[in-house]
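Structure data (mmCIF, C-alpha atoms) from work.cif:
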```cif
data_target
#
loop_
_atom_site.group_PDB
_atom_site.id
_atom_site.type_symbol
_atom_site.label_atom_id
_atom_site.label_comp_id
_atom_site.auth_asym_id
_atom_site.auth_seq_id
_atom_site.Cartn_x
_atom_site.Cartn_y
_atom_site.Cartn_z
ATOM 1 C CA MET S 28 -11.974 -3.237 12.759
ATOM 2 C CA LYS S 29 -10.046 -3.728 9.526
ATOM 3 C CA TYR S 30 -6.431 -2.716 9.156
ATOM 4 C CA TYR S 31 -5.263 -1.748 5.680
ATOM 5 C CA LEU S 32 -1.635 -1.531 4.609
ATOM 6 C CA ILE S 33 -1.789 0.675 1.543
ATOM 7 C CA ASP S 34 0.764 0.355 -1.241
ATOM 8 C CA THR S 35 1.572 3.443 -3.328
ATOM 9 C CA SER S 36 -0.069 1.926 -6.408
ATOM 10 C CA ALA S 37 -3.403 1.466 -4.605
ATOM 11 C CA PHE S 38 -3.280 4.925 -3.041
ATOM 12 C CA ILE S 39 -2.574 6.678 -6.353
ATOM 13 C CA TYR S 40 -5.303 4.655 -8.051
ATOM 14 C CA ALA S 41 -7.766 5.630 -5.301
ATOM 15 C CA ILE S 42 -6.951 9.319 -5.701
ATOM 16 C CA GLU S 43 -7.097 9.245 -9.506
ATOM 17 C CA ASN S 44 -10.411 7.348 -9.426
ATOM 18 C CA LEU S 45 -12.085 8.926 -6.423
ATOM 19 C CA ASP S 46 -15.833 8.139 -6.391
ATOM 20 C CA GLN S 47 -15.323 5.376 -8.979
ATOM 21 C CA THR S 48 -13.629 2.664 -6.910
ATOM 22 C CA LYS S 49 -15.539 -0.293 -5.500
ATOM 23 C CA MET S 50 -13.942 0.239 -2.086
ATOM 24 C CA ASP S 51 -13.427 3.547 -0.311
ATOM 25 C CA PHE S 52 -10.952 3.083 2.518
ATOM 26 C CA PHE S 53 -11.210 6.804 3.340
ATOM 27 C CA VAL S 54 -14.924 6.387 4.130
ATOM 28 C CA GLU S 55 -14.208 3.268 6.188
ATOM 29 C CA ARG S 56 -11.593 5.257 8.120
ATOM 30 C CA ALA S 57 -14.017 8.146 8.683
ATOM 31 C CA ASP S 58 -16.678 5.683 9.871
ATOM 32 C CA GLY S 59 -14.218 4.210 12.367
ATOM 33 C CA THR S 60 -14.345 0.737 10.823
ATOM 34 C CA ALA S 61 -10.837 0.779 9.375
ATOM 35 C CA PHE S 62 -7.344 1.917 10.275
ATOM 36 C CA LEU S 63 -5.006 2.982 7.458
ATOM 37 C CA TYR S 64 -1.297 2.240 7.425
ATOM 38 C CA MET S 65 1.148 3.288 4.745
ATOM 39 C CA PRO S 66 4.779 2.160 4.752
ATOM 40 C CA GLN S 67 7.023 5.157 5.374
ATOM 41 C CA PHE S 68 8.921 4.519 2.134
ATOM 42 C CA CYS S 69 5.670 4.847 0.166
ATOM 43 C CA VAL S 70 5.289 8.481 1.268
ATOM 44 C CA PRO S 71 8.048 9.871 -0.991
ATOM 45 C CA GLU S 72 6.861 7.500 -3.700
ATOM 46 C CA VAL S 73 3.387 9.115 -3.579
ATOM 47 C CA PHE S 74 4.918 12.599 -3.761
ATOM 48 C CA ASN S 75 7.165 11.525 -6.635
ATOM 49 C CA THR S 76 4.235 10.005 -8.538
ATOM 50 C CA TYR S 77 2.252 13.234 -8.210
ATOM 51 C CA ALA S 78 5.265 15.196 -9.463
ATOM 52 C CA ARG S 79 5.771 12.811 -12.395
ATOM 53 C CA LEU S 80 2.106 13.106 -13.399
ATOM 54 C CA PHE S 81 2.407 16.899 -13.370
ATOM 55 C CA TYR S 82 5.937 17.770 -14.493
ATOM 56 C CA ARG S 83 6.938 14.909 -16.782
ATOM 57 C CA GLU S 84 3.722 13.380 -18.132
ATOM 58 C CA ASN S 85 1.457 16.470 -18.060
ATOM 59 C CA LYS S 86 -1.466 14.250 -17.005
ATOM 60 C CA ILE S 87 -2.659 16.611 -14.278
ATOM 61 C CA VAL S 88 -2.800 20.414 -14.066
ATOM 62 C CA GLY S 89 -0.899 22.461 -11.504
ATOM 63 C CA SER S 90 -3.929 23.167 -9.323
ATOM 64 C CA LEU S 91 -4.720 19.437 -9.065
ATOM 65 C CA TYR S 92 -1.072 18.612 -8.330
ATOM 66 C CA THR S 93 -1.063 21.189 -5.514
ATOM 67 C CA LYS S 94 -4.427 19.984 -4.179
ATOM 68 C CA TRP S 95 -3.420 16.305 -4.121
ATOM 69 C CA ARG S 96 -0.040 17.091 -2.573
ATOM 70 C CA ASN S 97 -1.546 19.291 0.159
ATOM 71 C CA GLU S 98 -4.325 16.800 0.964
ATOM 72 C CA PHE S 99 -1.771 14.020 1.276
ATOM 73 C CA ILE S 100 0.338 16.140 3.620
ATOM 74 C CA LYS S 101 -2.750 16.749 5.779
ATOM 75 C CA ALA S 102 -3.650 13.042 5.724
ATOM 76 C CA ILE S 103 -0.250 11.929 7.037
ATOM 77 C CA HIS S 104 0.473 14.894 9.310
ATOM 78 C CA ASN S 105 0.132 13.783 12.932
ATOM 79 C CA ARG S 106 -1.361 10.535 11.604
ATOM 80 C CA ARG S 107 -4.636 12.360 11.030
ATOM 81 C CA ILE S 108 -5.957 9.871 8.462
ATOM 82 C CA ILE S 109 -3.029 7.674 7.481
ATOM 83 C CA TYR S 110 -0.513 6.237 9.917
ATOM 84 C CA CYS S 111 2.957 6.186 8.334
ATOM 85 C CA TYR S 112 4.294 2.809 9.384
ATOM 86 C CA ASP S 113 8.025 2.957 10.070
ATOM 87 C CA LEU S 114 10.346 0.197 8.967
ATOM 88 C CA HIS S 115 11.910 -1.766 11.827
ATOM 89 C CA ARG S 116 14.006 -4.854 12.389
ATOM 90 C CA TYR S 117 11.045 -7.245 12.571
ATOM 91 C CA HIS S 118 10.089 -6.299 9.031
ATOM 92 C CA ASN S 119 13.621 -7.011 7.866
ATOM 93 C CA LEU S 120 13.591 -10.334 9.709
ATOM 94 C CA ASN S 121 10.240 -11.264 8.158
ATOM 95 C CA THR S 122 11.612 -10.881 4.617
ATOM 96 C CA HIS S 123 13.242 -14.326 4.700
ATOM 97 C CA LYS S 124 9.747 -15.827 4.598
ATOM 98 C CA ILE S 125 9.119 -14.185 1.217
ATOM 99 C CA TYR S 126 12.355 -14.685 -0.753
ATOM 100 C CA LYS S 127 11.845 -18.378 -1.504
ATOM 101 C CA LEU S 128 8.363 -17.778 -2.905
ATOM 102 C CA GLU S 129 9.532 -14.813 -4.949
ATOM 103 C CA HIS S 130 12.291 -16.841 -6.578
ATOM 104 C CA LYS S 131 10.490 -20.177 -6.953
ATOM 105 C CA VAL S 132 6.997 -19.144 -8.065
ATOM 106 C CA PRO S 133 6.971 -18.612 -11.846
ATOM 107 C CA TYR S 134 5.880 -15.249 -13.184
ATOM 108 C CA ALA S 135 2.357 -15.048 -14.583
ATOM 109 C CA ASN S 136 1.088 -12.795 -17.364
ATOM 110 C CA LYS S 137 3.116 -9.568 -17.328
ATOM 111 C CA GLU S 138 4.371 -9.822 -13.749
ATOM 112 C CA GLY S 139 7.787 -8.480 -12.928
ATOM 113 C CA ALA S 140 10.013 -9.378 -10.017
ATOM 114 C CA LEU S 141 9.146 -8.019 -6.609
ATOM 115 C CA SER S 142 11.285 -5.060 -5.574
ATOM 116 C CA ALA S 143 12.877 -4.913 -2.142
ATOM 117 C CA PHE S 144 10.097 -2.480 -1.183
ATOM 118 C CA ASP S 145 7.410 -4.929 -2.364
ATOM 119 C CA ILE S 146 8.988 -7.642 -0.223
ATOM 120 C CA LEU S 147 9.069 -5.254 2.736
ATOM 121 C CA ILE S 148 5.366 -4.457 2.265
ATOM 122 C CA ILE S 149 4.528 -8.155 2.538
ATOM 123 C CA ALA S 150 6.854 -8.422 5.567
ATOM 124 C CA MET S 151 5.106 -5.436 7.183
ATOM 125 C CA GLY S 152 1.802 -7.202 6.578
ATOM 126 C CA VAL S 153 3.135 -10.266 8.400
ATOM 127 C CA GLU S 154 3.991 -8.119 11.410
ATOM 128 C CA LEU S 155 0.693 -6.227 11.389
ATOM 129 C CA LYS S 156 -1.176 -9.528 11.209
ATOM 130 C CA LYS S 157 0.650 -10.659 14.367
ATOM 131 C CA ILE S 158 -0.072 -7.364 16.146
ATOM 132 C CA HIS S 159 -3.754 -7.066 15.225
ATOM 133 C CA SER S 160 -4.864 -10.706 15.326
ATOM 134 C CA PRO S 161 -7.701 -11.731 15.287
ATOM 135 C CA ASN S 162 -8.696 -8.566 13.383
ATOM 136 C CA GLU S 163 -8.392 -8.530 9.616
ATOM 137 C CA VAL S 164 -5.236 -7.070 8.098
ATOM 138 C CA LEU S 165 -5.246 -6.549 4.330
ATOM 139 C CA ILE S 166 -2.667 -5.219 1.896
ATOM 140 C CA LEU S 167 -4.154 -2.972 -0.790
ATOM 141 C CA THR S 168 -2.141 -2.937 -4.011
ATOM 142 C CA ARG S 169 -2.275 -2.656 -7.794
ATOM 143 C CA ASP S 170 0.821 -4.855 -8.154
ATOM 144 C CA ALA S 171 -0.195 -8.290 -9.459
ATOM 145 C CA ARG S 172 2.972 -10.078 -8.294
ATOM 146 C CA LEU S 173 2.809 -8.580 -4.785
ATOM 147 C CA CYS S 174 -0.843 -9.598 -4.584
ATOM 148 C CA ARG S 175 -0.205 -13.147 -5.756
ATOM 149 C CA ILE S 176 2.843 -13.816 -3.567
ATOM 150 C CA SER S 177 1.139 -12.312 -0.509
ATOM 151 C CA ASN S 178 -1.842 -14.635 -0.981
ATOM 152 C CA ILE S 179 0.201 -17.849 -1.212
ATOM 153 C CA ASN S 180 1.169 -18.141 2.455
ATOM 154 C CA ARG S 181 -1.464 -18.035 5.226
ATOM 155 C CA GLU S 182 1.065 -16.385 7.553
ATOM 156 C CA PHE S 183 1.086 -13.350 5.251
ATOM 157 C CA ALA S 184 -1.583 -10.676 5.332
ATOM 158 C CA PRO S 185 -3.794 -11.272 2.309
ATOM 159 C CA ALA S 186 -3.497 -8.762 -0.485
ATOM 160 C CA ILE S 187 -6.412 -7.323 -2.397
ATOM 161 C CA TRP S 188 -6.185 -6.061 -5.955
ATOM 162 C CA PHE S 189 -7.545 -2.562 -5.372
ATOM 163 C CA LYS S 190 -10.214 -1.517 -7.864
#
```

For this file, produce the structure as structure tokens.
Amino acid sequence: MKYYLIDTSAFIYAIENLDQTKMDFFVERADGTAFLYMPQFCVPEVFNTYARLFYRENKIVGSLYTKWRNEFIKAIHNRRIIYCYDLHRYHNLNTHKIYKLEHKVPYANKEGALSAFDILIIAMGVELKKIHSPNEVLILTRDARLCRISNINREFAPAIWFK
């Protein structure tokens, strides 16, 4: 069994590029070979991204906005497809393992600083790795800095650049 911790950026990319991605975590979930986690704070971020794409950027039509929003609600309702992973004290305590790397590792290419939420995603990965060992726990993201920092320390769950 694989356990995926899905960042907003990877989830949005998967929805926008359905049937074109190299990995389909929804199929893995349906097959019973993967379990999907999403940090609770990513849920409003997904909703906000959908709204931005529709209202502000006019990149999607109203029917698609409604469809994506309703499908996401179904996916997270009662943990039907995605388990919304609540923030708890262990995640906050795990953040100290990430700060030094964030502030000592130079930025590459067009990387920006990790946000507090990015740091918490890595910290949640640390905790999930402890809980689900020896099973594989992977962070799915489209954030280059989050991916790179998460892959520096073996204690962290490895991050995959979702494509």

Between atom CA of S:Lys29 and atom CA of S:Thr60, what is the distance in Å, rounded to a tenth?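 It comes out at 6.3 Å.
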
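Picked out by the PyMOL selection byres ((chain S and resi 149-159) around 6) when it runs on this file: S:His118, S:Asn121, S:Thr122, S:Ile146, S:Leu147, S:Ile148, S:Ser160, S:Asn162, S:Val164, S:Phe183, S:Ala184.
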
If I take atom CA of S:Lys131 and atom CA of S:Tyr64, how far is one from the other in Å, to one decimal?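 Atom-to-atom, atom CA of S:Lys131 to atom CA of S:Tyr64, that is 29.1 Å.
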
Spell out the residues picked by the PyMOL selection byres ((chain S and resi 99) around 10) here, as a compact mmCIF listing (two decimals) with C-alpha atoms, in the frame of the given file.
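Writing done, so here's expr_37.txt:
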```
# COMPACT_ATOMS: atom_id res chain seq x y z
CA ILE S 42 -6.95 9.32 -5.70
CA VAL S 70 5.29 8.48 1.27
CA VAL S 73 3.39 9.12 -3.58
CA PHE S 74 4.92 12.60 -3.76
CA THR S 93 -1.06 21.19 -5.51
CA LYS S 94 -4.43 19.98 -4.18
CA TRP S 95 -3.42 16.30 -4.12
CA ARG S 96 -0.04 17.09 -2.57
CA ASN S 97 -1.55 19.29 0.16
CA GLU S 98 -4.32 16.80 0.96
CA ILE S 100 0.34 16.14 3.62
CA LYS S 101 -2.75 16.75 5.78
CA ALA S 102 -3.65 13.04 5.72
CA ILE S 103 -0.25 11.93 7.04
CA HIS S 104 0.47 14.89 9.31
CA ILE S 108 -5.96 9.87 8.46
CA ILE S 109 -3.03 7.67 7.48
```

Just give me the gap between atom CA of S:Glu72 and atom CA of S:Phe38 in Å, one decimal is fine.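 Spanning atom CA of S:Glu72 to atom CA of S:Phe38 is a straight-line distance of 10.5 Å.
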
For stretch 167-171 of chain S, I'd like the enclosing box, axis-aligned and padded by 6 Å on every side, reported as JSON with centre and edge lengths in Å to one decimal.
```
{"center_x": -1.7, "center_y": -5.5, "center_z": -5.1, "size_x": 17.0, "size_y": 17.6, "size_z": 20.7}
```

To verify the selection step, state as a list in words which residues the PyMOL selection byres ((chain S and resi 133-143) around 12) yields on this input.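 Listing what the PyMOL selection byres ((chain S and resi 133-143) around 12) selects in the shown file: Phe68, His118, Asn119, Thr122, His123, Ile125, Tyr126, Lys127, Leu128, Glu129, His130, Lys131, Val132, Phe144, Asp145, Ile146, Leu147, Ile148, Ile149, Ala150, Arg169, Asp170, Ala171, Arg172, Leu173, Cys174, Arg175, Ile176 and Ser177 of chain S.
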
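Closest to S:Pro185 among S:Asp46, S:Asn105, S:Ile166, S:Ile33 is S:Ile166, based on all atoms listed in the file.
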
Using all atoms listed in the file for the distances, tell me which of S:Lys124, S:Cys111, S:Ile87, S:Glu43 is nearest to S:Pro71.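 Ranking S:Lys124, S:Cys111, S:Ile87, S:Glu43 by distance to S:Pro71, first place goes to S:Cys111.
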
List as a list in words: which residues have an atom within 8 Å of (-9.1, 0.3, 11.3), counting all atoms listed in the file?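 All residues meeting the 8 Å criterion around (-9.1, 0.3, 11.3) are Met28, Lys29, Tyr30, Tyr31, Glu55, Arg56, Gly59, Thr60, Ala61, Phe62 and Leu63 of chain S.
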
Writing out the chosen residues with C-alpha atoms as a CSV table (one decimal), in the coordinates of the input:
```
chain,number,residue,atom,x,y,z
S,28,MET,CA,-12.0,-3.2,12.8
S,29,LYS,CA,-10.0,-3.7,9.5
S,30,TYR,CA,-6.4,-2.7,9.2
S,31,TYR,CA,-5.3,-1.7,5.7
S,55,GLU,CA,-14.2,3.3,6.2
S,56,ARG,CA,-11.6,5.3,8.1
S,59,GLY,CA,-14.2,4.2,12.4
S,60,THR,CA,-14.3,0.7,10.8
S,61,ALA,CA,-10.8,0.8,9.4
S,62,PHE,CA,-7.3,1.9,10.3
S,63,LEU,CA,-5.0,3.0,7.5
```

Just want the 12 Å neighbourhood of S:Lys86, counted on all atoms listed in the file, with same-chain residues fewer than 6 positions away dropped. Output as a ChimeraX atom specification. /S:43,76-80,92

Could you write those residues out with C-alpha atoms, as a PDB file, keeping the file's coordinate frame?
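Below you can see part.pdb, which holds the result:
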```pdb
ATOM      1  CA  GLU S  43      -7.097   9.245  -9.506  1.00  0.00           C
ATOM      2  CA  THR S  76       4.235  10.005  -8.538  1.00  0.00           C
ATOM      3  CA  TYR S  77       2.252  13.234  -8.210  1.00  0.00           C
ATOM      4  CA  ALA S  78       5.265  15.196  -9.463  1.00  0.00           C
ATOM      5  CA  ARG S  79       5.771  12.811 -12.395  1.00  0.00           C
ATOM      6  CA  LEU S  80       2.106  13.106 -13.399  1.00  0.00           C
ATOM      7  CA  TYR S  92      -1.072  18.612  -8.330  1.00  0.00           C
TER       8      TYR S  92
END
```

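Take the candidates S:Ser90, S:Pro161, S:Pro66, S:Phe81 and check each one against S:His115 using all atoms listed in the file; the shortest distance goes to S:Pro66.
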
Can you fill out stretch 147-176 of chain S with N, CA and C atoms and hand it back as a PDB file, in the frame of the given file?
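Result went into selection-v1.pdb, see below:
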```pdb
ATOM      1  N   LEU S 147       9.247  -5.874   1.422  1.00  0.00           N
ATOM      2  CA  LEU S 147       9.069  -5.254   2.736  1.00  0.00           C
ATOM      3  C   LEU S 147       7.590  -4.989   3.043  1.00  0.00           C
ATOM      4  N   ILE S 148       6.802  -4.660   2.036  1.00  0.00           N
ATOM      5  CA  ILE S 148       5.366  -4.457   2.265  1.00  0.00           C
ATOM      6  C   ILE S 148       4.734  -5.756   2.744  1.00  0.00           C
ATOM      7  N   ILE S 149       5.058  -6.865   2.094  1.00  0.00           N
ATOM      8  CA  ILE S 149       4.528  -8.155   2.538  1.00  0.00           C
ATOM      9  C   ILE S 149       5.011  -8.459   3.959  1.00  0.00           C
ATOM     10  N   ALA S 150       6.294  -8.188   4.232  1.00  0.00           N
ATOM     11  CA  ALA S 150       6.854  -8.422   5.567  1.00  0.00           C
ATOM     12  C   ALA S 150       6.172  -7.547   6.616  1.00  0.00           C
ATOM     13  N   MET S 151       5.834  -6.316   6.262  1.00  0.00           N
ATOM     14  CA  MET S 151       5.106  -5.436   7.183  1.00  0.00           C
ATOM     15  C   MET S 151       3.713  -6.002   7.439  1.00  0.00           C
ATOM     16  N   GLY S 152       3.098  -6.570   6.421  1.00  0.00           N
ATOM     17  CA  GLY S 152       1.802  -7.202   6.578  1.00  0.00           C
ATOM     18  C   GLY S 152       1.854  -8.376   7.536  1.00  0.00           C
ATOM     19  N   VAL S 153       2.940  -9.140   7.472  1.00  0.00           N
ATOM     20  CA  VAL S 153       3.135 -10.266   8.400  1.00  0.00           C
ATOM     21  C   VAL S 153       3.134  -9.746   9.835  1.00  0.00           C
ATOM     22  N   GLU S 154       3.876  -8.683  10.061  1.00  0.00           N
ATOM     23  CA  GLU S 154       3.991  -8.119  11.410  1.00  0.00           C
ATOM     24  C   GLU S 154       2.660  -7.532  11.891  1.00  0.00           C
ATOM     25  N   LEU S 155       1.982  -6.804  11.003  1.00  0.00           N
ATOM     26  CA  LEU S 155       0.693  -6.227  11.389  1.00  0.00           C
ATOM     27  C   LEU S 155      -0.333  -7.321  11.694  1.00  0.00           C
ATOM     28  N   LYS S 156      -0.264  -8.413  10.952  1.00  0.00           N
ATOM     29  CA  LYS S 156      -1.176  -9.528  11.209  1.00  0.00           C
ATOM     30  C   LYS S 156      -0.934 -10.100  12.608  1.00  0.00           C
ATOM     31  N   LYS S 157       0.334 -10.186  13.017  1.00  0.00           N
ATOM     32  CA  LYS S 157       0.650 -10.659  14.367  1.00  0.00           C
ATOM     33  C   LYS S 157       0.125  -9.678  15.420  1.00  0.00           C
ATOM     34  N   ILE S 158       0.308  -8.402  15.183  1.00  0.00           N
ATOM     35  CA  ILE S 158      -0.072  -7.364  16.146  1.00  0.00           C
ATOM     36  C   ILE S 158      -1.587  -7.275  16.308  1.00  0.00           C
ATOM     37  N   HIS S 159      -2.310  -7.332  15.198  1.00  0.00           N
ATOM     38  CA  HIS S 159      -3.754  -7.066  15.225  1.00  0.00           C
ATOM     39  C   HIS S 159      -4.641  -8.300  15.221  1.00  0.00           C
ATOM     40  N   SER S 160      -4.062  -9.485  15.301  1.00  0.00           N
ATOM     41  CA  SER S 160      -4.864 -10.706  15.326  1.00  0.00           C
ATOM     42  C   SER S 160      -5.809 -10.656  16.525  1.00  0.00           C
ATOM     43  N   PRO S 161      -7.033 -11.020  16.381  1.00  0.00           N
ATOM     44  CA  PRO S 161      -7.701 -11.731  15.287  1.00  0.00           C
ATOM     45  C   PRO S 161      -8.349 -10.805  14.260  1.00  0.00           C
ATOM     46  N   ASN S 162      -8.111  -9.492  14.355  1.00  0.00           N
ATOM     47  CA  ASN S 162      -8.696  -8.566  13.383  1.00  0.00           C
ATOM     48  C   ASN S 162      -8.083  -8.782  12.000  1.00  0.00           C
ATOM     49  N   GLU S 163      -8.817  -8.353  11.003  1.00  0.00           N
ATOM     50  CA  GLU S 163      -8.392  -8.530   9.616  1.00  0.00           C
ATOM     51  C   GLU S 163      -7.365  -7.471   9.220  1.00  0.00           C
ATOM     52  N   VAL S 164      -6.266  -7.941   8.650  1.00  0.00           N
ATOM     53  CA  VAL S 164      -5.236  -7.070   8.098  1.00  0.00           C
ATOM     54  C   VAL S 164      -5.151  -7.393   6.615  1.00  0.00           C
ATOM     55  N   LEU S 165      -5.269  -6.369   5.779  1.00  0.00           N
ATOM     56  CA  LEU S 165      -5.246  -6.549   4.330  1.00  0.00           C
ATOM     57  C   LEU S 165      -4.258  -5.591   3.690  1.00  0.00           C
ATOM     58  N   ILE S 166      -3.544  -6.072   2.698  1.00  0.00           N
ATOM     59  CA  ILE S 166      -2.667  -5.219   1.896  1.00  0.00           C
ATOM     60  C   ILE S 166      -3.461  -4.791   0.666  1.00  0.00           C
ATOM     61  N   LEU S 167      -3.498  -3.488   0.408  1.00  0.00           N
ATOM     62  CA  LEU S 167      -4.154  -2.972  -0.790  1.00  0.00           C
ATOM     63  C   LEU S 167      -3.069  -2.611  -1.797  1.00  0.00           C
ATOM     64  N   THR S 168      -3.165  -3.163  -3.007  1.00  0.00           N
ATOM     65  CA  THR S 168      -2.141  -2.937  -4.011  1.00  0.00           C
ATOM     66  C   THR S 168      -2.723  -3.007  -5.410  1.00  0.00           C
ATOM     67  N   ARG S 169      -1.978  -2.496  -6.368  1.00  0.00           N
ATOM     68  CA  ARG S 169      -2.275  -2.656  -7.794  1.00  0.00           C
ATOM     69  C   ARG S 169      -1.127  -3.414  -8.457  1.00  0.00           C
ATOM     70  N   ASP S 170      -0.314  -4.081  -7.665  1.00  0.00           N
ATOM     71  CA  ASP S 170       0.821  -4.855  -8.154  1.00  0.00           C
ATOM     72  C   ASP S 170       0.429  -6.334  -8.146  1.00  0.00           C
ATOM     73  N   ALA S 171       0.302  -6.913  -9.331  1.00  0.00           N
ATOM     74  CA  ALA S 171      -0.195  -8.290  -9.459  1.00  0.00           C
ATOM     75  C   ALA S 171       0.727  -9.290  -8.763  1.00  0.00           C
ATOM     76  N   ARG S 172       2.025  -9.132  -8.903  1.00  0.00           N
ATOM     77  CA  ARG S 172       2.972 -10.078  -8.294  1.00  0.00           C
ATOM     78  C   ARG S 172       2.906  -9.987  -6.768  1.00  0.00           C
ATOM     79  N   LEU S 173       2.906  -8.776  -6.236  1.00  0.00           N
ATOM     80  CA  LEU S 173       2.809  -8.580  -4.785  1.00  0.00           C
ATOM     81  C   LEU S 173       1.530  -9.232  -4.269  1.00  0.00           C
ATOM     82  N   CYS S 174       0.446  -9.029  -4.979  1.00  0.00           N
ATOM     83  CA  CYS S 174      -0.843  -9.598  -4.584  1.00  0.00           C
ATOM     84  C   CYS S 174      -0.775 -11.124  -4.585  1.00  0.00           C
ATOM     85  N   ARG S 175      -0.230 -11.691  -5.640  1.00  0.00           N
ATOM     86  CA  ARG S 175      -0.205 -13.147  -5.756  1.00  0.00           C
ATOM     87  C   ARG S 175       0.703 -13.792  -4.718  1.00  0.00           C
ATOM     88  N   ILE S 176       1.905 -13.243  -4.541  1.00  0.00           N
ATOM     89  CA  ILE S 176       2.843 -13.816  -3.567  1.00  0.00           C
ATOM     90  C   ILE S 176       2.287 -13.680  -2.150  1.00  0.00           C
TER      91      ILE S 176
END
```
